[in-house]
file final.cif (mmCIF, C-alpha atoms)
data_structure
#
loop_
_atom_site.group_PDB
_atom_site.id
_atom_site.type_symbol
_atom_site.label_atom_id
_atom_site.label_comp_id
_atom_site.auth_asym_id
_atom_site.auth_seq_id
_atom_site.Cartn_x
_atom_site.Cartn_y
_atom_site.Cartn_z
ATOM 1 C CA MET W 845 0.000 0.000 0.000
ATOM 2 C CA ALA W 846 1.019 3.581 -0.414
ATOM 3 C CA THR W 847 1.412 5.598 2.798
ATOM 4 C CA ILE W 848 -1.487 7.441 4.394
ATOM 5 C CA PHE W 849 0.240 10.713 3.437
ATOM 6 C CA ALA W 850 0.253 9.888 -0.267
ATOM 7 C CA HIS W 851 -3.400 8.860 -0.343
ATOM 8 C CA ASP W 852 -4.497 12.147 1.242
ATOM 9 C CA LEU W 853 -2.770 14.142 -1.477
ATOM 10 C CA VAL W 854 -5.360 13.182 -4.110
ATOM 11 C CA PRO W 855 -8.310 15.310 -2.880
ATOM 12 C CA ILE W 856 -5.900 18.099 -1.945
ATOM 13 C CA ALA W 857 -4.550 18.089 -5.495
ATOM 14 C CA VAL W 858 -8.063 18.073 -6.970
ATOM 15 C CA ARG W 859 -9.045 21.080 -4.865
ATOM 16 C CA ALA W 860 -5.844 22.923 -5.705
ATOM 17 C CA GLY W 861 -6.445 22.213 -9.392
ATOM 18 C CA VAL W 862 -10.060 23.348 -9.615
ATOM 19 C CA GLY W 863 -9.755 26.054 -6.978
ATOM 20 C CA PRO W 864 -11.074 26.265 -3.414
ATOM 21 C CA GLY W 865 -14.313 27.930 -4.547
ATOM 22 C CA HIS W 866 -15.576 24.598 -5.900
ATOM 23 C CA ILE W 867 -14.731 22.340 -2.951
ATOM 24 C CA SER W 868 -15.567 23.373 0.620
ATOM 25 C CA ASN W 869 -13.247 22.738 3.563
ATOM 26 C CA ARG W 870 -15.763 20.273 5.016
ATOM 27 C CA LEU W 871 -15.945 18.266 1.813
ATOM 28 C CA LEU W 872 -12.157 18.285 1.529
ATOM 29 C CA VAL W 873 -11.837 16.786 5.022
ATOM 30 C CA VAL W 874 -14.413 14.093 4.210
ATOM 31 C CA ALA W 875 -12.645 13.283 0.927
ATOM 32 C CA ALA W 876 -9.274 13.071 2.695
ATOM 33 C CA LEU W 877 -10.780 10.657 5.225
ATOM 34 C CA ALA W 878 -12.288 8.665 2.351
ATOM 35 C CA THR W 879 -8.818 8.058 0.948
ATOM 36 C CA VAL W 880 -7.741 6.147 4.046
ATOM 37 C CA ILE W 881 -10.968 4.296 4.865
ATOM 38 C CA PRO W 882 -10.097 1.347 2.571
ATOM 39 C CA ASP W 883 -7.153 0.477 4.820
ATOM 40 C CA LEU W 884 -9.420 -0.052 7.819
ATOM 41 C CA ASP W 885 -9.601 -3.585 6.430
ATOM 42 C CA VAL W 886 -6.284 -4.358 8.163
ATOM 43 C CA ALA W 887 -8.496 -5.036 11.189
ATOM 44 C CA ALA W 888 -9.290 -8.327 9.428
ATOM 45 C CA PHE W 889 -5.865 -9.611 10.515
ATOM 46 C CA PHE W 890 -6.980 -9.371 14.174
ATOM 47 C CA TYR W 891 -10.026 -11.520 13.420
ATOM 48 C CA GLY W 892 -8.080 -14.210 11.599
ATOM 49 C CA ILE W 893 -9.406 -13.295 8.149
ATOM 50 C CA PRO W 894 -6.721 -14.188 5.605
ATOM 51 C CA TYR W 895 -5.112 -11.435 3.531
ATOM 52 C CA GLY W 896 -6.388 -12.907 0.255
ATOM 53 C CA ASP W 897 -10.004 -13.223 1.419
ATOM 54 C CA ALA W 898 -12.655 -10.924 -0.084
ATOM 55 C CA PHE W 899 -12.982 -9.372 3.392
ATOM 56 C CA GLY W 900 -9.221 -9.309 3.994
ATOM 57 C CA HIS W 901 -6.735 -6.543 3.281
ATOM 58 C CA ARG W 902 -7.159 -4.995 -0.190
ATOM 59 C CA GLY W 903 -10.450 -6.837 -0.571
ATOM 60 C CA PHE W 904 -13.950 -5.344 -0.769
ATOM 61 C CA THR W 905 -12.944 -1.991 0.789
ATOM 62 C CA HIS W 906 -10.598 -1.499 -2.159
ATOM 63 C CA SER W 907 -13.298 -2.067 -4.786
ATOM 64 C CA ILE W 908 -14.878 0.366 -7.206
ATOM 65 C CA ALA W 909 -18.291 -0.589 -5.788
ATOM 66 C CA PHE W 910 -17.230 0.351 -2.250
ATOM 67 C CA ALA W 911 -15.978 3.746 -3.484
ATOM 68 C CA ALA W 912 -19.249 4.319 -5.366
ATOM 69 C CA MET W 913 -21.289 3.515 -2.250
ATOM 70 C CA ALA W 914 -19.166 5.937 -0.212
ATOM 71 C CA GLY W 915 -19.693 8.620 -2.841
ATOM 72 C CA LEU W 916 -23.448 8.038 -2.896
ATOM 73 C CA THR W 917 -23.634 8.119 0.885
ATOM 74 C CA THR W 918 -21.657 11.361 0.998
ATOM 75 C CA SER W 919 -23.904 12.949 -1.622
ATOM 76 C CA LEU W 920 -26.832 12.531 0.781
ATOM 77 C CA PHE W 921 -25.071 14.937 3.155
ATOM 78 C CA ALA W 922 -24.018 17.456 0.515
ATOM 79 C CA THR W 923 -25.796 20.397 2.134
ATOM 80 C CA LEU W 924 -23.954 19.766 5.416
ATOM 81 C CA LEU W 925 -20.730 19.753 3.421
ATOM 82 C CA ASN W 926 -21.547 23.070 1.722
ATOM 83 C CA SER W 927 -21.503 21.386 -1.645
ATOM 84 C CA SER W 928 -23.705 19.982 -4.366
ATOM 85 C CA ARG W 929 -24.607 16.303 -4.507
ATOM 86 C CA VAL W 930 -22.725 15.864 -7.773
ATOM 87 C CA ILE W 931 -19.485 17.407 -6.517
ATOM 88 C CA SER W 932 -19.758 15.537 -3.200
ATOM 89 C CA PHE W 933 -20.258 12.219 -4.966
ATOM 90 C CA TRP W 934 -17.467 12.668 -7.491
ATOM 91 C CA LEU W 935 -14.840 14.021 -5.111
ATOM 92 C CA VAL W 936 -15.378 11.262 -2.556
ATOM 93 C CA PHE W 937 -15.636 8.583 -5.251
ATOM 94 C CA VAL W 938 -12.452 9.717 -7.013
ATOM 95 C CA SER W 939 -10.622 10.156 -3.699
ATOM 96 C CA MET W 940 -11.583 6.718 -2.439
ATOM 97 C CA VAL W 941 -11.039 4.879 -5.718
ATOM 98 C CA SER W 942 -7.598 6.494 -5.991
ATOM 99 C CA HIS W 943 -6.580 4.405 -2.966
ATOM 100 C CA PRO W 944 -6.777 0.974 -4.623
ATOM 101 C CA PHE W 945 -5.501 2.494 -7.867
ATOM 102 C CA LEU W 946 -2.318 3.664 -6.115
ATOM 103 C CA ASP W 947 -2.048 0.382 -4.190
ATOM 104 C CA ALA W 948 -2.148 -1.531 -7.477
ATOM 105 C CA PHE W 949 1.008 0.341 -8.520
ATOM 106 C CA THR W 950 2.921 -0.874 -5.442
ATOM 107 C CA ASN W 951 5.409 -3.707 -5.549
ATOM 108 C CA GLY W 952 3.960 -5.777 -2.706
ATOM 109 C CA GLY W 953 0.892 -7.503 -1.340
ATOM 110 C CA TYR W 954 -1.683 -9.666 -3.109
ATOM 111 C CA GLY W 955 -3.143 -7.113 -5.476
ATOM 112 C CA VAL W 956 -6.454 -5.288 -5.297
ATOM 113 C CA ALA W 957 -10.030 -6.632 -5.602
ATOM 114 C CA PHE W 958 -11.187 -3.806 -7.908
ATOM 115 C CA PHE W 959 -14.270 -5.628 -9.175
ATOM 116 C CA TRP W 960 -15.707 -7.062 -5.937
ATOM 117 C CA PRO W 961 -18.577 -8.199 -5.602
ATOM 118 C CA LEU W 962 -18.495 -9.387 -9.221
ATOM 119 C CA SER W 963 -15.084 -10.980 -8.747
ATOM 120 C CA ASP W 964 -12.682 -11.634 -5.867
ATOM 121 C CA THR W 965 -9.725 -11.653 -8.270
ATOM 122 C CA ARG W 966 -6.837 -9.440 -7.174
ATOM 123 C CA TYR W 967 -5.125 -7.174 -9.680
ATOM 124 C CA PHE W 968 -1.873 -5.256 -9.935
ATOM 125 C CA MET W 969 -0.988 -2.744 -12.606
ATOM 126 C CA PRO W 970 1.422 -4.089 -15.229
ATOM 127 C CA TRP W 971 4.051 -1.679 -13.898
ATOM 128 C CA GLN W 972 4.661 -1.379 -10.147
ATOM 129 C CA PRO W 973 7.158 1.424 -9.440
ATOM 130 C CA ILE W 974 5.868 2.445 -5.983
ATOM 131 C CA MET W 975 7.545 0.722 -3.044
ATOM 132 C CA VAL W 976 4.977 -0.851 -0.759
ATOM 133 C CA SER W 977 4.652 0.811 2.636
ATOM 134 C CA PRO W 978 4.871 -1.339 5.752
ATOM 135 C CA ILE W 979 1.597 -2.022 7.553
ATOM 136 C CA GLY W 980 1.516 -0.339 10.939
ATOM 137 C CA ILE W 981 3.395 2.517 12.541
ATOM 138 C CA ARG W 982 6.221 0.403 13.955
ATOM 139 C CA GLY W 983 7.248 -0.845 10.512
ATOM 140 C CA PHE W 984 7.339 2.673 9.157
ATOM 141 C CA PHE W 985 10.397 3.552 11.229
ATOM 142 C CA GLU W 986 12.598 1.008 9.471
ATOM 143 C CA ALA W 987 15.547 1.935 7.266
ATOM 144 C CA ARG W 988 13.596 1.389 4.042
ATOM 145 C CA SER W 989 10.961 3.983 5.007
ATOM 146 C CA LEU W 990 13.014 6.739 3.363
ATOM 147 C CA GLN W 991 13.054 4.674 0.165
ATOM 148 C CA VAL W 992 9.254 4.334 0.372
ATOM 149 C CA LEU W 993 8.828 8.101 0.765
ATOM 150 C CA LEU W 994 11.224 8.845 -2.109
ATOM 151 C CA SER W 995 9.369 6.363 -4.290
ATOM 152 C CA GLU W 996 6.074 8.082 -3.475
ATOM 153 C CA PHE W 997 7.590 11.496 -4.132
ATOM 154 C CA PHE W 998 8.635 10.508 -7.655
ATOM 155 C CA TRP W 999 5.629 8.366 -8.587
ATOM 156 C CA ILE W 1000 2.757 10.094 -6.725
ATOM 157 C CA VAL W 1001 3.661 13.621 -5.571
ATOM 158 C CA LEU W 1002 5.354 14.837 -8.759
ATOM 159 C CA PRO W 1003 2.633 13.498 -11.113
ATOM 160 C CA LEU W 1004 -0.119 14.959 -8.890
ATOM 161 C CA LEU W 1005 1.689 18.291 -8.792
ATOM 162 C CA THR W 1006 2.024 18.284 -12.573
ATOM 163 C CA VAL W 1007 -1.672 17.517 -13.124
ATOM 164 C CA THR W 1008 -2.684 20.112 -10.517
ATOM 165 C CA VAL W 1009 -0.634 22.871 -12.142
ATOM 166 C CA ALA W 1010 -1.874 21.903 -15.620
ATOM 167 C CA THR W 1011 -5.503 21.874 -14.437
ATOM 168 C CA ARG W 1012 -5.101 25.218 -12.711
ATOM 169 C CA PHE W 1013 -3.517 26.700 -15.834
ATOM 170 C CA ALA W 1014 -6.244 25.273 -18.099
ATOM 171 C CA THR W 1015 -9.068 26.578 -15.904
ATOM 172 C CA SER W 1016 -7.479 30.023 -15.645
ATOM 173 C CA ARG W 1017 -7.139 30.139 -19.449
ATOM 174 C CA LYS W 1018 -10.849 29.297 -19.866
ATOM 175 C CA LYS W 1019 -11.727 32.320 -17.732
ATOM 176 C CA ALA W 1020 -9.358 34.526 -19.702
ATOM 177 C CA ILE W 1021 -10.702 33.553 -23.154
ATOM 178 C CA PRO W 1022 -14.166 35.198 -22.817
ATOM 179 C CA TYR W 1023 -12.488 38.362 -21.536
ATOM 180 C CA GLN W 1024 -10.067 38.348 -24.474
ATOM 181 C CA LEU W 1025 -12.906 37.793 -26.962
ATOM 182 C CA THR W 1026 -14.848 40.684 -25.458
ATOM 183 C CA PHE W 1027 -11.774 42.922 -25.689
ATOM 184 C CA ILE W 1028 -11.202 41.955 -29.345
ATOM 185 C CA CYS W 1029 -14.877 42.484 -30.270
ATOM 186 C CA LYS W 1030 -14.852 45.971 -28.750
ATOM 187 C CA ARG W 1031 -11.803 46.840 -30.831
ATOM 188 C CA LEU W 1032 -13.625 45.852 -34.010
#
call {"tool": "encode", "arguments": {"input": "final.cif", "output": "structure tokens"}}
result
Amino acid sequence: MATIFAHDLVPIAVRAGVGPGHISNRLLVVAALATVIPDLDVAAFFYGIPYGDAFGHRGFTHSIAFAAMAGLTTSLFATLLNSSRVISFWLVFVSMVSHPFLDAFTNGGYGVAFFWPLSDTRYFMPWQPIMVSPIGIRGFFEARSLQVLLSEFFWIVLPLLTVTVATRFATSRKKAIPYQLTFICKRL
């Protein structure tokens, strides 16, 4: 799995890209929490549920269906989040589904059950450049933790930063174009 820090960057990057006027602080907090909810399935280890089980780690909580249900549930509370139902659904869905997507790019574990409940099959991406993060806080203070963070910097932080800047630039250009057209028309 990627670290909790890397998962939380997804909704932050989305908000930075589209601008804070579109995503409220409340919705941002909910979306950030949604990115880490899939890893609550590590509790399955304490109940003897095997890793590869549909209810084990990277099982049903890492599925597209689970993310969609979280998005739908959040959309019911859109007014409390100072948002629309559509924005609430999509931000939470994208934030939560980014979790298994990033996990599938890691070089460890059993893969991700993207298509549960239709299939329990676990999937990895064909290319796995992100070093898997240790499960638990104790394991994070090992020597390889710096390697994990560097891996995430290159394969998660930099791409998110690039997309955020490009999105911000594209949306600012869209606002500038009507102004430019108005200026040109007045000159004619």
call {"tool": "resolve_selection", "arguments": {"input": "final.cif", "expression": "the PyMOL selection byres ((chain W and resi 846) around 10)", "output": "ChimeraX atom specification"}}
result
/W:845,847-851,943-951,974-979,992-993,995-996,1000
call {"tool": "residues_near_point", "arguments": {"input": "final.cif", "point": "(-3.8, 20.1, -11.4)", "cutoff": "8 Å", "atoms": "all atoms listed in the file", "output": "mmCIF file with C-alpha atoms, in the coordinates of the input"}}
result
data_model
loop_
_atom_site.group_PDB
_atom_site.id
_atom_site.type_symbol
_atom_site.label_atom_id
_atom_site.label_comp_id
_atom_site.auth_asym_id
_atom_site.auth_seq_id
_atom_site.Cartn_x
_atom_site.Cartn_y
_atom_site.Cartn_z
ATOM 1 C CA ALA W 857 -4.550 18.089 -5.495
ATOM 2 C CA VAL W 858 -8.063 18.073 -6.970
ATOM 3 C CA ALA W 860 -5.844 22.923 -5.705
ATOM 4 C CA GLY W 861 -6.445 22.213 -9.392
ATOM 5 C CA VAL W 862 -10.060 23.348 -9.615
ATOM 6 C CA LEU W 1004 -0.119 14.959 -8.890
ATOM 7 C CA LEU W 1005 1.689 18.291 -8.792
ATOM 8 C CA THR W 1006 2.024 18.284 -12.573
ATOM 9 C CA VAL W 1007 -1.672 17.517 -13.124
ATOM 10 C CA THR W 1008 -2.684 20.112 -10.517
ATOM 11 C CA VAL W 1009 -0.634 22.871 -12.142
ATOM 12 C CA ALA W 1010 -1.874 21.903 -15.620
ATOM 13 C CA THR W 1011 -5.503 21.874 -14.437
ATOM 14 C CA ARG W 1012 -5.101 25.218 -12.711
ATOM 15 C CA PHE W 1013 -3.517 26.700 -15.834
#
call {"tool": "residues_around", "arguments": {"input": "final.cif", "residues": "Ala887 in chain W", "least_positions_apart": "2", "cutoff": "12 Å", "atoms": "only C-alpha atoms", "output": "ChimeraX atom specification"}}
result
/W:881-885,889-895,899-902,905,979-980
call {"tool": "closest_residue", "arguments": {"input": "final.cif", "among": "W:Val874, W:Pro1003, W:Asp964, W:Gly953", "to": "Thr917 in chain W", "atoms": "only C-alpha atoms"}}
result
W:Val874
call {"tool": "closest_residue", "arguments": {"input": "final.cif", "among": "W:Ala957, W:Ala1014, W:Met969, W:Ala922", "to": "Leu871 in chain W", "atoms": "all atoms listed in the file"}}
result
W:Ala922
